[in-house]
Amino acid sequence: MASRRLPFAAVTAVLLLLHGAADAKSSSSSGKTKSLASGFLDAHNAARRQVGVPPLRWDERLASYAARYAAARSGAGGGCALVHSHGPYGENLFHGSGVGWAPADVVAAWVSRERALYDAASNSCRGADAAACGHYTQVVWRRTTAVGCALATCAGGRGTYGVCSYNPPGNYVGVRPSANPQLSILPPMASSTAIALALLGIVLLLPGNAFVVVAYPRGGGGGDYRMQFLGQQNAARAAMGLPALVWDERVAGYARWYAESRRGDCALVHSSGPYGENLFWGSGTGWSPAQAVGAWLAEQPRYNYWSNSCYGGMCGHYTQIMWRATRRVGCAMVACYNGRGTFITCNYDPPGNYVGMRPY
């Protein structure tokens with residue numbers, strides 16, 4: 001049966017995740033008797049208290065995801081390799097020789113050493129490895145609110161394997177782990193309208209899968225026009241092992257034609273043409289291509305890989321960018337008439353977002 005393509009629309013903001021993996025060598029046990037859940041939770045929240053961020057809560061859905069992945073990696077075919085699942089959540093991995101590891105030992109392996117490697121002044125890890133403190137920064141990521149973890153014994157006496165999954169994920173490029181989020185408080189709205197807050201400003205989620213940015217931009221980006229569209233999209237795809245998109249002038253010509261046709265109203269209405277399509281509208285001028293792409297990539301935390309669905313809002317812009325079969329992209333941006341803002345569109349060939357198919 002032929003797949004049916006879903007229409008999606010436009011916007012929010014952020015970038016891309018860093019991951020790390022810790023390998024500890026010891027066979028001693030901490031002798032703790034706490035349950036697995038409380039042991040992991042207490043250790044995480046102790047680290048978070050030290051930097052003044054709110055505590056995490058335990059999430060059974062995350063714990064199930066972690067347990068499934070730990071079981072897959074600890075089996076005979078997995079080799080207890082420190083390889084990430086590339087799922088919808090943030091993720092810390094652990095491998096320790098022997099048995100008897102407690103949750104507190106695992107979290108300590110991520111926190112104790114890596115805390116000293118994080119340089120708050122530059123918001124980077126000290127040393128040659130750019131991800132050397134990534135476990136620690138995920139543990140203390142302010143916007144992360146839930147965690148679920150699992151431990152498994154590796155086949156063939158290869159030790160103990162640990163996984164913690166985090167939602168929303170952390171380690172976004174250019175964002176500090178424990179900085180106070182710059183959020184605004186909005187009045188209640190009609191039940192048909194949901195509210196989201198993006199790094200670019202206030203974003204209203206309107207019925208019909210369309211995001212509208214109603215705050216003014218905090219500066220645009222320079223550099224080559226095409227690379228502003230391609231750079232972040234290909235960085236996100238590379239993080240998932242997907243082939244890079246290439247700029248296609250035919251697709252870009254279609255995007256320019258449609259952007260021009262919408263200058264009068266700048267309405268977030270899809271062209272219903274032969275390509276996949278992401279749309280963006282921002283009030284005012286000065287918006288850059290990179291800001292529009294960053295807004296679409298901000299949907300990443302809402303994509304649930306295991307159920308292949310969105311939760312907590314739309315994620316179709318993100319899944320179109322990440323669609324494995326898509327190879328070509330072309331984009332355009334225009335200033336709307338009568339000061340109505342900025343309209344940006346990207347078209348994708350072959351299109352993605354087919355019902356019942358995973359993006360990657």
# chains A, B, ... in the order shown; residues from 1 in each chain; ligands from 1
call {"tool": "closest_atom_pairs", "arguments": {"of": "region 97-168 of chain A", "to": "region 39-61 of chain A", "cutoff": "8 Å", "atoms": "only C-alpha atoms", "output": "Markdown table"}}
result
| residue | atom | partner | partner_atom | distance |
| --- | --- | --- | --- | --- |
| A:Ala102 | CA | A:Gly39 | CA | 7.6 |
| A:Pro103 | CA | A:Phe40 | CA | 5.0 |
| A:Ala104 | CA | A:Ala43 | CA | 5.5 |
| A:Val107 | CA | A:Ala43 | CA | 6.3 |
| A:Ala108 | CA | A:Ala43 | CA | 7.6 |
| A:Val111 | CA | A:Ala47 | CA | 7.4 |
| A:Val139 | CA | A:His44 | CA | 6.3 |
| A:Val140 | CA | A:Arg48 | CA | 5.1 |
| A:Trp141 | CA | A:Val53 | CA | 7.9 |
| A:Arg142 | CA | A:Val53 | CA | 5.6 |
| A:Thr144 | CA | A:Leu56 | CA | 7.3 |
| A:Thr145 | CA | A:Leu56 | CA | 4.9 |
| A:Ala146 | CA | A:Arg57 | CA | 4.8 |
| A:Val147 | CA | A:Trp58 | CA | 5.2 |
| A:Gly148 | CA | A:Asp59 | CA | 5.4 |
| A:Cys149 | CA | A:Phe40 | CA | 7.1 |
call {"tool": "closest_residue", "arguments": {"among": "A:Val334, A:Ala252, A:Ala109, A:Val83", "to": "Gly286 (chain A)", "atoms": "only C-alpha atoms"}}
result
A:Val334
call {"tool": "select_by_dssp", "arguments": {"residues": "region 32-102 of chain A", "states": "strand (DSSP E)", "output": "ChimeraX atom specification"}}
result
/A:57-58,90-96
call {"tool": "closest_residue", "arguments": {"among": "A:Gly273, A:Arg328, A:Gly264, A:Ala295", "to": "Gly341 (chain A)", "atoms": "only C-alpha atoms"}}
result
A:Gly264
call {"tool": "closest_residue", "arguments": {"among": "A:Leu62, A:Leu242, A:Ala121, A:Ala67", "to": "Met322 (chain A)", "atoms": "only C-alpha atoms"}}
result
A:Leu242
call {"tool": "closest_residue", "arguments": {"among": "A:Gln300, A:Asn234, A:Thr345, A:Ser112", "to": "Gly312 (chain A)", "atoms": "only C-alpha atoms"}}
result
A:Gln300
call {"tool": "closest_residue", "arguments": {"among": "A:Asp119, A:Asp224, A:Glu114, A:Asp349", "to": "Asp248 (chain A)", "atoms": "only C-alpha atoms"}}
result
A:Asp349
